[in-house]
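K.L.:
First the structure, which I've put down as structure tokens, then a few questions once you've had a look.
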Amino acid sequence: MRAFAALYEELDTTQSTNLKVAAMSRYFRAAPPADAAWATYILSGRRLKRFIGPALLKRWLIEEAALPEWLIDESYSSVGDLAETIALLTAGTAHGDSSSDDTALADWLEERLLPLRDASDDVRRQTITGWWRELPYRQCFLLNKLLTGELRVGVSQLLVTRALADVTGIERTELAGRLMGEWQPGALFWQTLHAAESPRSDPAVPYPFFLASPLEGDPVQLGERADWQAEWKWDGIRGQLIRRAGECHLWSRGEERITERFPEIVDAAGSLPDGVVLDGEVVAWKDGRVQPFALLQQRIGRKKLTAAILSTVPVRFLAYDLLELDGQDYRSTPLRERREQLEKLLQQASPLMEVSPLVAAPTWEALAAERAESRKRNVEGLMLKALDSSYGTGRQRGAWWKWKIDPHSFDAVMIYAQPGQGRRSNLYTDYTFGVWRDGELVPVAKAYSGLSNSEISQLDRWIRAHTVEKFGPVRSVEPTQVFELAYEGIAASGRHKSGIALRFPRIVRWRTDKPASEADTLADLQAMLTTTSGDAPDAAPGSS
Amino acid sequence: MPPPLVTVTENGLYCPAGEFHIDPWRPVPTAVITHAHGDHLRYGSTRYLLAEPGVAIARHRLGMDHELAPIKYGERLQLGATTISLHPAGHILGSAQVRIEHQGHVWVVSGDYKRQPDPTCAPFEPLQCDVFISEATFALPVYQWQPTGEVVEEIYEWWRANRERGLASVLFCYALGKAQRVLAELRAFTDETVYLHGAVNVLTDVYRQQGLAMLPTMPVTGERKSDYRGALIIAPPSAAGTPWMRRFGDHSSGFCSGWMRVRGNRRRRGYDRGFVLSDHVDWPGLIETFKATGARKILLTHGYSDALARYLNELGIAAGALETAYGDEEQQ
């Protein structure tokens, strides 16, 4: 744990990606295999469910620090992070790492932390406050972050795979694949990560998704229209459909298994030959056309799929790409050939699985005209993919672009909620949203409207059940719910912590399909500052 | 209850019995100065009384056309109906607490102070008093300072590691006090030359003329990146992000301030490293100092004064907050 705490500190104190990769490589080389596997697990953004609620931790902190509750609250609101506040108030001034405790990271997690889940509150209190007293500052901070399930490290999955590739000598794309799906951190996993041959013993393991970058400005900059494939950007759930070993599996982009939620798609996939993997979009489909995302959402929210919901919200899988055919990894084949094979493959398939149509418009102007019609078609805009591109890993710029219609929208995470006024005063209807900066959420907007009444009451229940902290009427909530926000203008602002002010921010929709880690970053919004001209906000509603 | 020896007026802290102001924020006839930071020493007063070791800095700040009267630490002086004396505050060179005695009552105005040792100034001296007027910049229990030696070692290790990577190390420090303290403390680790931003350089010269031992320094003048590779450069925070920084090429940035105790403060400002080194008193230091003064009442000027006042009142120590115009140079 000491070595991992030192690594965390190193990653936290540099902005250079090269230094970050070097620090991770050094750690992976020196660490015992089980530690390296756990570190990979944590660094690649997988999160352990929190071990203990913040309210309990706070109560113990009040006892431990022997300070009045209001002063703890005052300190917490000044620090802005419970794990850090605890470390600052309990670990005293021992910043150095002089501790002789060399317990391995894996042992910390497997033998000390995981058993806490089943322990009584009394045992947990004694154990945890004991650690607070004994651990030096950095480790105490890290431990608290693990306990609250909030440990985030400012490295992208791409950087982790760079470091792993450096250490294992295995290609990055292959490694990214090996990190997909469900796996148990431990020495065994670390070995399979190093294996020369891809283990892929589990037929359910998906490929890493290839993600498009937002296109800013005119597509003319991309070169010849003829070198690009244009498709609609469907407003559904991006999914990977796997047909292997006689089974079907459906994964969402958030690496969540959604097989059971869409039985009709899985049924339809049964007609595919074995050894096929498709990339596509699950959309709500009715009356011969795609339906708004909100309809699909009704179905996602259900725990049990009733016959009624299956018939009110029929779905289809619109296939974009072919990743595997006859059990062969097809991803390095150029898109133009993959597309050809995909069309051939799905010719005879069930209508529930069809190829996402191409947008023919022969020039960029004609394409722009089609794009302007996006709203009528219930799509978000266009996808532009280079015809000679292979199917990459993660968000690599250059080959795939999303050309969305409304650039004035972004995805943010809810961080605070407070009751509304008047008839909404008993409901949490005023929300504060944050975007990422270096692994932390910076408040950027407050929004009040945009959700339906049933969504508001659903969200109200969620907020009450997932409150982290109360400050007067304001509650901070677990930062897990993502919302798409739209706004009219954006301007730089010295009055806001985020450095930007948004005009008329409002909720477009609740993105239950997106994990918080995929919300936008402050840098994404700052980029809008330079690309958006004119409409500067006069009065800036928004963050505080 | 005798009338207060110090009140807040529109010009600043005022002692009616002695007819003088302390660190006034507007011109007054007589100004007793605790130290030479900009929010405590301002232009335009007729006469300034201040501790002798601080005169050269004050002269540098105010220019030649102000009357500065040096007072030795501990020297007793009649002002109006009061007897005043100045005592070391340990904040920066020449910083002082102001002790005011009148008809058997003693009030002490701390100015800014710290309890950690500092090779560039005399250590804080706790004074017995009835009322103690204290700063409260870092008056939250999360602000506790680690030993100075450890922090300075961190700074040195950071410099060394950057040098191995061929990077310049740019350390942002407040130009008066903090920069010189770091230069003095670093002597325990090295005798190398440090580059200084112009604003730091002139003040360091003033310190040197007072006979203080610091690392050898050179002003930043050249534009060649290679000159600075592996070097330590000390600059005021206001230089961050300006074109002046371009000459250093690839570098790592650090900031020396008590605020760096909290991770979010560092990350908001975008520094690579934060070094928790403050010239202000920390939470345990505040409590300890109040006990040492035996004061029956504590008045708090700037910082988290409301929180500290409430805490003290709950402990049964009478405390209140005073509205002043003092700021916090560590924020700058």
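Starting from 1 in every chain, residues are counted up; chains themselves are A, B, ... following the order of the structure tokens, and ligands are numbered from 1 as listed.
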Set the cut-off to 6 Å and count only C-alpha atoms: what are the residues of chain A that reach chain B? Output as a count of residues only.
P.N.:
5
K.L.:
As a PyMOL selection string, please: all residues of stretch 135-284 of chain A that backbone DSSP puts in strand (DSSP E or B).
P.N.:
chain A and resi 210-211+213-214+228-234+237-244+247-252+257+276-284
K.L.:
Identify all residues of stretch 90-175 of chain A in helix (DSSP H, G or I) (DSSP on the backbone) and supply them as an NGL selection string.
P.N.:
:A and (90 or 105-118 or 121-134 or 137-147 or 157-168 or 172-175)
K.L.:
What gap, in Å, lies between atom CA of B:Leu277 and atom CA of B:Cys256?
P.N.:
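Those two atoms sit 5.4 Å apart.
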K.L.:
Could you name the residues that touch stretch 17-32 of chain B at 7 Å or less, counting only C-alpha atoms, but leaving out those on the same chain fewer than 2 positions away, as a PyMOL selection string?
P.N.:
chain B and resi 5+11-15+34+40-50+79-82
K.L.:
Selection from above, C-alpha atoms, as a short mmCIF file (atom, residue, chain, number, x, y, z; two decimals), in the first residue's frame, can you write it?
P.N.:
data_model
loop_
_atom_site.label_atom_id
_atom_site.label_comp_id
_atom_site.auth_asym_id
_atom_site.auth_seq_id
_atom_site.Cartn_x
_atom_site.Cartn_y
_atom_site.Cartn_z
CA LEU B 5 -7.73 50.04 24.10
CA ASN B 11 -8.91 54.14 8.93
CA GLY B 12 -7.97 50.91 10.62
CA LEU B 13 -7.20 49.61 14.11
CA TYR B 14 -7.05 52.60 16.45
CA CYS B 15 -5.90 53.15 20.01
CA THR B 34 3.46 45.23 12.55
CA HIS B 40 -0.31 46.17 6.64
CA LEU B 41 2.08 48.89 5.45
CA ARG B 42 0.42 51.47 3.22
CA TYR B 43 1.50 54.82 1.78
CA GLY B 44 0.67 58.28 3.01
CA SER B 45 0.77 58.35 6.81
CA THR B 46 2.80 61.11 8.45
CA ARG B 47 4.90 59.05 10.82
CA TYR B 48 5.60 55.30 10.94
CA LEU B 49 6.81 53.48 14.04
CA LEU B 50 8.17 50.03 13.42
CA LEU B 79 2.40 57.33 23.05
CA GLY B 80 -0.33 59.56 24.41
CA ALA B 81 -1.46 58.06 27.69
CA THR B 82 -0.17 54.61 26.80
#
K.L.:
Write out as a PDB file with N, CA and C atoms, in the first residue's frame each polymer residue whose atoms come within 8 Å of stretch 238-247 of chain B, counting only C-alpha atoms; drop sequence neighbours fewer than 3 positions from it.
P.N.:
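Printed below is part-v6.pdb as written:
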ATOM      1  N   PHE B 172       7.033  28.985  -6.758  1.00  0.00           N
ATOM      2  CA  PHE B 172       6.339  30.247  -6.508  1.00  0.00           C
ATOM      3  C   PHE B 172       6.237  30.476  -5.001  1.00  0.00           C
ATOM      4  N   GLU B 223      17.535  34.491 -21.812  1.00  0.00           N
ATOM      5  CA  GLU B 223      16.357  33.886 -22.424  1.00  0.00           C
ATOM      6  C   GLU B 223      16.626  32.440 -22.809  1.00  0.00           C
ATOM      7  N   ARG B 224      17.894  31.999 -22.681  1.00  0.00           N
ATOM      8  CA  ARG B 224      18.221  30.659 -23.188  1.00  0.00           C
ATOM      9  C   ARG B 224      17.692  29.583 -22.246  1.00  0.00           C
ATOM     10  N   LYS B 225      16.878  28.671 -22.822  1.00  0.00           N
ATOM     11  CA  LYS B 225      16.291  27.605 -22.014  1.00  0.00           C
ATOM     12  C   LYS B 225      17.379  26.779 -21.329  1.00  0.00           C
ATOM     13  N   ALA B 235       9.978  32.622  -7.942  1.00  0.00           N
ATOM     14  CA  ALA B 235       9.214  33.708  -8.547  1.00  0.00           C
ATOM     15  C   ALA B 235       7.961  33.957  -7.721  1.00  0.00           C
ATOM     16  N   GLN B 332      -1.767  35.243  -2.740  1.00  0.00           N
ATOM     17  CA  GLN B 332      -1.369  35.969  -3.943  1.00  0.00           C
ATOM     18  C   GLN B 332      -0.351  35.204  -4.768  1.00  0.00           C
TER      19      GLN B 332
END
K.L.:
Can you tell me which residues surround stretch 406-416 of chain A at a distance of at most 6 Å, considering only C-alpha atoms, apart from same-chain residues fewer than 5 positions away, and format the answer as a PyMOL selection string?
P.N.:
chain A and resi 431-435+475-477+479+481-487+519-520
K.L.:
Env of A:Pro214: 10 Å cut, atoms = only C-alpha atoms, seq-sep filter 6 positions within chain, self excluded. Answer as a ChimeraX atom specification.
P.N.:
/A:383,397,400-404,407,524
K.L.:
Could the residues in this selection be written to a file with C-alpha atoms, as a short mmCIF file (atom, residue, chain, number, x, y, z; two decimals), in the first residue's frame?
P.N.:
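out_0.cif, freshly written:
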data_model
loop_
_atom_site.label_atom_id
_atom_site.label_comp_id
_atom_site.auth_asym_id
_atom_site.auth_seq_id
_atom_site.Cartn_x
_atom_site.Cartn_y
_atom_site.Cartn_z
CA MET A 383 -20.96 9.85 -37.74
CA ARG A 397 -8.50 11.05 -32.87
CA TRP A 400 -13.88 8.55 -36.53
CA TRP A 401 -15.75 11.75 -35.90
CA LYS A 402 -19.15 12.52 -34.43
CA TRP A 403 -20.72 15.52 -36.10
CA LYS A 404 -23.51 16.31 -33.67
CA PRO A 407 -22.82 21.57 -30.16
CA ASP A 524 -14.23 19.93 -23.41
#
K.L.:
Quick one: residues within 6 Å of A:Trp228, only C-alpha atoms, excluding same-chain residues fewer than 4 positions away - as a list in words?
P.N.:
Lys385, Ala386 and Leu387 of chain A
K.L.:
Work out how far atom CA of A:Pro357 is from atom CA of A:Gly217, in Å to one decimal.
P.N.:
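Distance between the two atoms: 24.4 Å.
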